[in-house]
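*Asks:* Pasting in a structure now, in structure tokens, and then I'll have a few things to ask.
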Number of protein chains: 2
Amino acid sequence: MPVTLDELNRADPAGFAVLLAGTYEHSPWVVERAHAARPFRTLAALKHALVDVVRNATDAERLALIRAHPQLAGRAMQAGDLTRESTDEQGRAGLTRCTPEDLARIGELNAAYETRFGFPFILAVRGPRGAGLAKAEIFATFERRLRHPPDYERAEALRNIHRIAEIRLDEKLGSEPALGNRILDWASALARHSDPGYAERGQLTVTYLTDAHRAAAAQLRTWMRDDCGFDDVDIDAVGNVVAVYHGRDRAAPRLLTGSHYDTVRNGGRYDGRLGILVPMAAVRELAREDRRLPFDVEVVGFAEEEGQRYRATFLGSSALTGQFDPRWLDQADADGVTMRDAMAASGLRVDDIPALRRDPARYRAFVEVHIEQGPVLTEADLPLGIVTSINGSLRYAGRIVGMASHAGTTPMGKRRDAAAAAAEVILHVERRASSAPGVVGTVGMLDVPNGSINVVPGRCEFSLDIRAPDDAARDACATDVIEELQQIATRRGVEMTLDLSMRASAAPCDPAWRARWERAVDALGVPVHRLPSGAGHDAMKLAEVMPQAMLFVRGQNGGISHNPLESITNDDADLAVRAFARLLDDVAAEHG
Amino acid sequence: MPVTLDELNRADPAGFAVLLAGTYEHSPWVVERAHAARPFRTLAALKHALVDVVRNATDAERLALIRAHPQLAGRAMQAGDLTRESTDEQGRAGLTRCTPEDLARIGELNAAYETRFGFPFILAVRGPRGAGLAKAEIFATFERRLRHPPDYERAEALRNIHRIAEIRLDEKLGSEPALGNRILDWASALARHSDPGYAERGQLTVTYLTDAHRAAAAQLRTWMRDDCGFDDVDIDAVGNVVAVYHGRDRAAPRLLTGSHYDTVRNGGRYDGRLGILVPMAAVRELAREDRRLPFDVEVVGFAEEEGQRYRATFLGSSALTGQFDPRWLDQADADGVTMRDAMAASGLRVDDIPALRRDPARYRAFVEVHIEQGPVLTEADLPLGIVTSINGSLRYAGRIVGMASHAGTTPMGKRRDAAAAAAEVILHVERRASSAPGVVGTVGMLDVPNGSINVVPGRCEFSLDIRAPDDAARDACATDVIEELQQIATRRGVEMTLDLSMRASAAPCDPAWRARWERAVDALGVPVHRLPSGAGHDAMKLAEVMPQAMLFVRGQNGGISHNPLESITNDDADLAVRAFARLLDDVAAEHG
């Protein structure tokens with residue numbers, strides 16, 4: 001019999017501890033202290049209360065929590081000393097069926113890890129889907145985490161402990177994240193389509209109108225039509241997959257949602273796609289219950305957002321805002337294939353593109369769910385976050401010209417070192433951006449062209465990217481940086497030029513729609529956490545013609561994205577679907 | 001009738017001013033103040049006294065000195081308002097025969113220059129040889145100097161004023177730098193030989209055993225034998241040109257001197273070659289007077305020092321110290337030609353290389369004259385400098401691994417930015433090296449591999465070059481830098497590795513031989529200025545088997561080297577030959 005929230009909320013401290021025994025094995029104090037946080041509205045709220053106990057503990061307690069954990073496939077397992085839960089979990093990952101070579105390798109890794117960090121390696125071996133990681137994934141993770149800085153790895157160890165506890169709690173309370181599992185399974189199936197050159201290496205790359213891209217679109221269309229119960233499903237003139245779930249009042253303004261299904265090269269399977277799959281899962285539930293909302297829900301899988309094959313970022317959403325630029329059609333890809341030819345080969349009719357433009361009067365808003373692609377939520381131990389604004393950005397190409405001179409014969413005081421000037425620029429950008437909330441500044445490209453070990457750099461090239469939640473903060477940072485650059489240049493006797501290559505305005509999320517996301521998240525018992533979006537998204541385009549608001553989902557592995565390590569858990573995906581469903585209910589209720 | 005030093009030394013202030021009128025036109029105060037520095041031992045001493053007046057003047061006076069100068073081919077010339085000297089000088093440069101287009105261009109440049117610096121463009125249009133620059137050179141110089149930082153250009157203007165005065169003084173005192181002119185003419189004739197691909201563009205490149213290299217060797221051999229009066233002249237088994245001027249006692253230990261005649265790619269005509277040409281000119285004078293020293297003088301034009309065609313730096317001098325590495329023979333150049341084949345094609349006999357080893361007992365010392373290749377002497381307004389030590393050096397390849405992450409979504413506080421860590425390293429190296437006398441530290445190569453404008457750098461590669469006059473100072477700097485690197489790495493959570501790729505010991509100049517150079521320089525009336533050599537030289541190799549001491553000659557154009565702008569004046573070259581002759585006299589006198 002599963003434990004119920006009601007039992008937990010009514011339990012005395014001793015009973016509470018018994019009901020949740022083994023959740024944080026060897027460290028019962030975590031559960032004990034969470035008793036004070038009753039009542040719990042939801043399982044998510046209970047999980048968060050437990051996480052909060054650890055966040056509020058002392059450093060020493062946290063370290064003890066980590067140290068109390070058994071080694072992975074270590075002495076405890078070999079001696080039969082593991083708890084039933086641990087044995088079961090390590091067994092699902094194949095770790096109870098290790099070869100002697102595997103055990104030797106794990107022994108070495110455990111020893112190296114203990115030496116480096118002073119605590120055992122802890123991994124939620126059941127993984128993001130709860131089904132168990134493959135042995136190869138476990139080894140790769142172990143090796144990767146061995147290289148982490150100690151502070152970062154300690155936090156990662158705690159996050160794994162919380163994930164282990166989460167899976168145990170799901171089982172204790174008989175709560176299977178079925179909606180989340182569906183999202184992960186869809187994402188996994190969709191990731192089978194990948195461009196040539198990447199597919200062979202098991203890497204995910206889906207760029208505009210390749211075979212893999214068209215296969216992904218066809219797959220989405222099939223799921224939408226056959227599995228999810230959308231009424232109209234089409235692939236439009238730029239390759240967007242557009243699905244509409246009819247409402248009771250077909251004339252009422254629609255809710256528009258979606259994200260992109262193309263990927264960066266060797267990217268992750270959630271960037272973009274999650275924002276298509278979450279509404280799909282929510283609509284599927286409506287259709288299963290045969291529920292109709294008062295208005296249509298239109299889900300768009302945008303064909304292109306990443307600008308990988310052609311320099312035409314946001315192509316899919318631009319078509320909806322009437323900003324498809326016909327000049328894009330004559331761009332050629334690396335193999336010389338123009339976009340026009342690629343579209344013709346895919347059966348897309350260029351002449352139909354203008355008709356894709358949406359009439360804003362027909363829409364309520366655009367909402368988008370997206371993986372965070374950053375470390376904020378994972379470091380805050382929160383599954384969801386409400387986006388306040390999509391940051392505005394400025395991009396520059398910078399060049400410093402000093403005087404190349406002999407590294408041996410030019411005294412320090414007589415140099416005009418372009419790289420040293422660039423170094424000052426980099427550190428100033430870092431300091432200045434750090435001093436303003438939400439502002440980020442990055443020198444991502446840096447090069448001394450034809451540099452020699454024995455020549456004082458006469459030239460240095462760099463890029464500069466500044467982003468902020470509003471244009472005023474962005475511009476203030478840029479102004480300060482440019483002023484400091486001039487001072488550095490004057491002081492060092494170098495010439496510095498900075499050419500603006502991109503200016504994108506910030507797109508603040510619509511307050512009313514943002515409030516709807518907040519209510520939806522709060523209703524799940526998840527703390528409301530607001531954060532800006534540093535990356536651009538399709539919502540940024542749609543913001544030009546209608547209100548927009550975004551929901552972020554926590555990324556695993558430090559929030560890494562544009563990388564095969566990009567990941568989310570089934571529990572977080574489940575919450576995202578439920579938040580989306582809540583949002584729909586909320587809008588429906590307002591509609592009356 | 002030329003003015004004599006004797007007249008000047010006896011003149012009262014008014015007479016002194018009359019005798020030197022026009023030397024610093026429009027600013028007679030320079031000459032007036034120099035009166036106090038009488039008596040002058042030599043013309044070089046007089047020149048230095050005038051320079052010193054300007055160095056000791058106020059900033060305002062120096063600026064007034066510059067501003068008093070007429071514009072180049074400007075209004076004054078067009079209005080016929082120039083002094084006779086200026087008209088004559090600008091005439092020699094073809095500036096009195098300008099086309100209307102030339103005048104328009106000069107007008108534009110003058111205006112741009114005045115706007116940027118607030119004073120007129122001043123150029124010693126008679127150039128380093130005193131014969132007048134070509135119009136194209138003047139335009140190129142004008143355009144180059146327009147890009148200088150203001151402080152640097154102000155100093156460059158003063159140096160040009162001194163050079164103009166120097167040429168006027170040479171003429172007033174009837175002192176033609178004939179030995180210096182010979183050096184410049186030889187260097188110019190030798191520079192006609194250049195490797196294919198460079199010769200066509202007017203660039204100087206002479207790498208080991210190319211046709212141009214063999215032609216240069218043959219040219220040196222001809223001059224040594226036919227023009228200079230050496231007794232034995234040979235090209236040895238590695239291509240060194242070896243000339244001996246017999247002394248009275250053929251058994252007495254020889255004095256060894258010389259430098260290399262190969263060049264870097266698109267290099268200058270004095271690096272290396274000056275150290276062959278100066279002894280040649282000195283021996284030529286001895287031979288003309290039929291004078292024999294008590295000992296042989298052996299001049300070696302080393303075939304290879306720069307390591308351009310093969311990775312075999314110091315090949316020529318290594319053969320003399322018995323360190324020719326036979327493994328070099330199997331190296332192939334960029335076209336796949338091995339050194340062994342190149343030597344066979346040049347008629348060089350590999351089997352004879354071991355016999356090139358010199359018996360140190362047969363030699364007094366190795367002395368080398370070299371262009372400074374740095375800014376120290378030119379900024380100190382001194383023609384010659386005595387080298388204290390050839391710096392020891394350490395070279396490292398550095399690599400920083402942080403965590404690549406999204407530039408938009410990764411908050412400043414959560415980054416592990418490899419480039420920002422490198423920036424700290426660069427600035428620390430700069431600070432640390434600046435804090436110790438004679439120490440230099442350079443990060444010459446710097447790169448974020450595959451960096452993207454929107455990605456926080458996860459990796460940064462750099463080189464590090466540390467040099468110091470003694471190994472202890474070099475190592476202390478390296479130790480501090482490495483310690484700081486570790487702190488930066490720990491603080492920023494990045495991994496930093498630094499691999500040593502070269503360690504060269506410092507080669508202090510022999511005190512007794514250094515003192516001989518100092519006496520020789522002092523005897524010319526030139527202030528004795530000591531400085532370390534930041535670059536490596538053939539003397540560094542010879543130092544392993546015998547005492548060595550070096551003389552540096554001031555480089556023009558900020559001391560630039562490994563560059564076509566590398567240059568020296570005829571007056572400075574003249575002083576170098578006379579210093580070398582003095583050194584020979586000094587050693588001869590000691591010999592008794």
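Chains: A, B, ... in order of the structure tokens. Residues: from 1 per chain. Ligands: from 1, in order shown.
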If we count only C-alpha atoms, what is near region 510-520 of chain A at a cut-off of 8 Å, once residues fewer than 6 positions away on the same chain are taken out, given as a list in words?
*Replies:*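 That gives Ala365, Ile386, Val387, Thr388, Val528, Pro547, Gln548, Ala549, Met550, Leu551, Ala579, Phe580, Arg582, Leu583 and Asp586 of chain A.
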*Asks:* Skip Arg250 (chain B) itself and residues of its chain fewer than 3 positions away, then list as a PDB file with all heavy atoms, in the first residue's frame all residues within 8 Å of it, counting only C-alpha atoms.
*Replies:*
```pdb
ATOM      1  N   HIS B 246      95.618  37.323 -40.609  1.00  0.00           N
ATOM      2  CA  HIS B 246      96.757  36.835 -39.842  1.00  0.00           C
ATOM      3  C   HIS B 246      97.332  37.901 -38.926  1.00  0.00           C
ATOM      4  O   HIS B 246      97.421  39.064 -39.294  1.00  0.00           O
ATOM      5  CB  HIS B 246      97.858  36.366 -40.802  1.00  0.00           C
ATOM      6  CG  HIS B 246      97.480  35.120 -41.541  1.00  0.00           C
ATOM      7  ND1 HIS B 246      98.257  34.573 -42.532  1.00  0.00           N
ATOM      8  CD2 HIS B 246      96.398  34.301 -41.420  1.00  0.00           C
ATOM      9  CE1 HIS B 246      97.669  33.484 -43.009  1.00  0.00           C
ATOM     10  NE2 HIS B 246      96.536  33.301 -42.352  1.00  0.00           N
ATOM     11  N   GLY B 247      97.742  37.454 -37.742  1.00  0.00           N
ATOM     12  CA  GLY B 247      98.465  38.328 -36.834  1.00  0.00           C
ATOM     13  C   GLY B 247      99.964  38.070 -36.956  1.00  0.00           C
ATOM     14  O   GLY B 247     100.398  37.186 -37.710  1.00  0.00           O
ATOM     15  N   PHE B 295      97.944  38.952 -32.992  1.00  0.00           N
ATOM     16  CA  PHE B 295      97.212  37.672 -33.008  1.00  0.00           C
ATOM     17  C   PHE B 295      96.278  37.649 -34.218  1.00  0.00           C
ATOM     18  O   PHE B 295      95.923  38.692 -34.753  1.00  0.00           O
ATOM     19  CB  PHE B 295      96.409  37.503 -31.720  1.00  0.00           C
ATOM     20  CG  PHE B 295      95.592  38.729 -31.390  1.00  0.00           C
ATOM     21  CD1 PHE B 295      94.322  38.894 -31.934  1.00  0.00           C
ATOM     22  CD2 PHE B 295      96.112  39.745 -30.575  1.00  0.00           C
ATOM     23  CE1 PHE B 295      93.600  40.036 -31.664  1.00  0.00           C
ATOM     24  CE2 PHE B 295      95.377  40.893 -30.308  1.00  0.00           C
ATOM     25  CZ  PHE B 295      94.126  41.043 -30.851  1.00  0.00           C
ATOM     26  N   ASP B 296      95.875  36.451 -34.592  1.00  0.00           N
ATOM     27  CA  ASP B 296      94.916  36.298 -35.690  1.00  0.00           C
ATOM     28  C   ASP B 296      93.528  36.800 -35.267  1.00  0.00           C
ATOM     29  O   ASP B 296      93.125  36.617 -34.113  1.00  0.00           O
ATOM     30  CB  ASP B 296      94.733  34.819 -36.066  1.00  0.00           C
ATOM     31  CG  ASP B 296      95.960  34.227 -36.741  1.00  0.00           C
ATOM     32  OD1 ASP B 296      96.958  34.960 -36.947  1.00  0.00           O
ATOM     33  OD2 ASP B 296      95.909  33.020 -37.047  1.00  0.00           O
TER      34      ASP B 296
END
```
*Asks:* Have a look at A:Asp522, A:Met445, A:Ala576, A:Val481 and name the one nearest to chain B; count only C-alpha atoms.
*Replies:*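 Using only C-alpha atoms, chain B sits closest to A:Met445.
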*Asks:* Which of region 399-548 of chain B counts as strand (DSSP E or B) under DSSP, as an MDAnalysis selection string please?
*Replies:* chainID B and resid 399:401 403 405:406 416 440:442 446:447 455:456 459:468 495:504 507:508 530:533 548
*Asks:* Using N, CA and C atoms, can you export the residues from the last selection as a compact mmCIF listing (two decimals), in the first residue's frame?
*Replies:*
```txt
# COMPACT_ATOMS: atom_id res chain seq x y z
N ARG B 399 47.56 25.45 -21.03
CA ARG B 399 46.21 25.07 -21.43
C ARG B 399 45.30 25.21 -20.23
N ILE B 400 44.16 25.85 -20.43
CA ILE B 400 43.18 25.99 -19.36
C ILE B 400 41.90 25.31 -19.81
N VAL B 401 41.37 24.46 -18.94
CA VAL B 401 40.10 23.81 -19.25
C VAL B 401 39.10 24.23 -18.18
N MET B 403 34.64 25.26 -18.25
CA MET B 403 33.40 24.59 -18.68
C MET B 403 32.74 25.49 -19.70
N SER B 405 29.86 26.94 -21.64
CA SER B 405 28.44 27.03 -21.30
C SER B 405 27.84 28.20 -22.06
N HIS B 406 26.54 28.26 -22.03
CA HIS B 406 25.80 29.23 -22.82
C HIS B 406 26.06 30.65 -22.32
N ARG B 416 32.79 28.98 -15.43
CA ARG B 416 34.18 28.52 -15.30
C ARG B 416 34.84 28.86 -16.62
N VAL B 440 61.55 39.75 -18.40
CA VAL B 440 60.41 39.95 -19.29
C VAL B 440 59.57 38.67 -19.32
N GLY B 441 58.28 38.84 -19.42
CA GLY B 441 57.36 37.71 -19.51
C GLY B 441 56.32 38.02 -20.57
N THR B 442 56.08 37.05 -21.42
CA THR B 442 55.22 37.30 -22.58
C THR B 442 54.26 36.13 -22.81
N LEU B 446 47.73 33.00 -27.97
CA LEU B 446 46.53 33.01 -27.14
C LEU B 446 45.37 32.64 -28.03
N ASP B 447 44.61 31.65 -27.61
CA ASP B 447 43.52 31.20 -28.48
C ASP B 447 42.46 30.47 -27.67
N VAL B 455 29.28 31.48 -26.53
CA VAL B 455 29.65 30.38 -25.63
C VAL B 455 30.75 30.85 -24.67
N VAL B 456 30.53 30.67 -23.39
CA VAL B 456 31.57 30.96 -22.40
C VAL B 456 32.73 29.98 -22.67
N ARG B 459 37.79 26.39 -22.93
CA ARG B 459 39.17 26.02 -23.15
C ARG B 459 39.93 27.24 -23.66
N CYS B 460 41.16 27.37 -23.21
CA CYS B 460 41.99 28.47 -23.72
C CYS B 460 43.43 27.98 -23.73
N GLU B 461 44.11 28.24 -24.83
CA GLU B 461 45.50 27.81 -24.96
C GLU B 461 46.38 29.04 -25.07
N PHE B 462 47.55 28.95 -24.47
CA PHE B 462 48.44 30.11 -24.50
C PHE B 462 49.89 29.66 -24.38
N SER B 463 50.78 30.55 -24.78
CA SER B 463 52.20 30.28 -24.58
C SER B 463 52.73 31.23 -23.52
N LEU B 464 53.81 30.84 -22.91
CA LEU B 464 54.43 31.70 -21.90
C LEU B 464 55.94 31.67 -22.12
N ASP B 465 56.53 32.84 -22.17
CA ASP B 465 57.97 32.99 -22.40
C ASP B 465 58.49 33.90 -21.29
N ILE B 466 59.41 33.39 -20.49
CA ILE B 466 59.98 34.18 -19.39
C ILE B 466 61.49 34.27 -19.60
N ARG B 467 62.06 35.48 -19.51
CA ARG B 467 63.51 35.62 -19.67
C ARG B 467 64.06 36.55 -18.61
N ALA B 468 65.30 36.30 -18.24
CA ALA B 468 65.94 37.13 -17.22
C ALA B 468 67.44 37.06 -17.40
N GLU B 495 40.94 23.89 -14.73
CA GLU B 495 42.19 23.13 -14.69
C GLU B 495 43.21 23.86 -15.52
N MET B 496 44.43 23.97 -15.03
CA MET B 496 45.46 24.67 -15.77
C MET B 496 46.69 23.78 -15.85
N THR B 497 47.21 23.61 -17.06
CA THR B 497 48.46 22.86 -17.19
C THR B 497 49.45 23.73 -17.92
N LEU B 498 50.71 23.56 -17.57
CA LEU B 498 51.78 24.37 -18.13
C LEU B 498 52.93 23.41 -18.42
N ASP B 499 53.22 23.21 -19.70
CA ASP B 499 54.28 22.26 -20.06
C ASP B 499 55.51 23.00 -20.53
N LEU B 500 56.61 22.73 -19.88
CA LEU B 500 57.88 23.37 -20.25
C LEU B 500 58.31 22.86 -21.62
N SER B 501 58.61 23.78 -22.54
CA SER B 501 59.05 23.34 -23.87
C SER B 501 60.49 23.76 -24.15
N MET B 502 61.02 24.69 -23.39
CA MET B 502 62.41 25.10 -23.60
C MET B 502 62.98 25.70 -22.32
N ARG B 503 64.22 25.36 -22.05
CA ARG B 503 64.92 25.96 -20.91
C ARG B 503 66.31 26.33 -21.42
N ALA B 504 66.63 27.61 -21.44
CA ALA B 504 67.98 28.05 -21.88
C ALA B 504 68.61 28.83 -20.75
N ALA B 507 73.57 33.50 -20.28
CA ALA B 507 75.00 33.51 -20.58
C ALA B 507 75.54 34.89 -20.24
N PRO B 508 76.02 35.07 -19.02
CA PRO B 508 76.56 36.38 -18.64
C PRO B 508 77.79 36.68 -19.49
N ARG B 530 74.77 49.96 -20.24
CA ARG B 530 74.77 48.50 -20.14
C ARG B 530 73.33 47.98 -20.22
N LEU B 531 73.14 46.90 -20.89
CA LEU B 531 71.79 46.32 -20.98
C LEU B 531 71.88 44.82 -21.24
N PRO B 532 70.88 44.06 -20.78
CA PRO B 532 70.89 42.63 -21.08
C PRO B 532 70.40 42.40 -22.51
N SER B 533 70.74 41.26 -23.05
CA SER B 533 70.19 40.88 -24.34
C SER B 533 69.01 39.95 -24.11
N GLN B 548 82.66 35.26 -23.72
CA GLN B 548 82.01 36.01 -24.80
C GLN B 548 81.59 37.37 -24.28
```
*Asks:* Just list as a PyMOL selection string whatever in region 131-180 of chain A DSSP marks as alpha helix (DSSP H).
*Replies:* chain A and resi 135-146+150-172+178-180
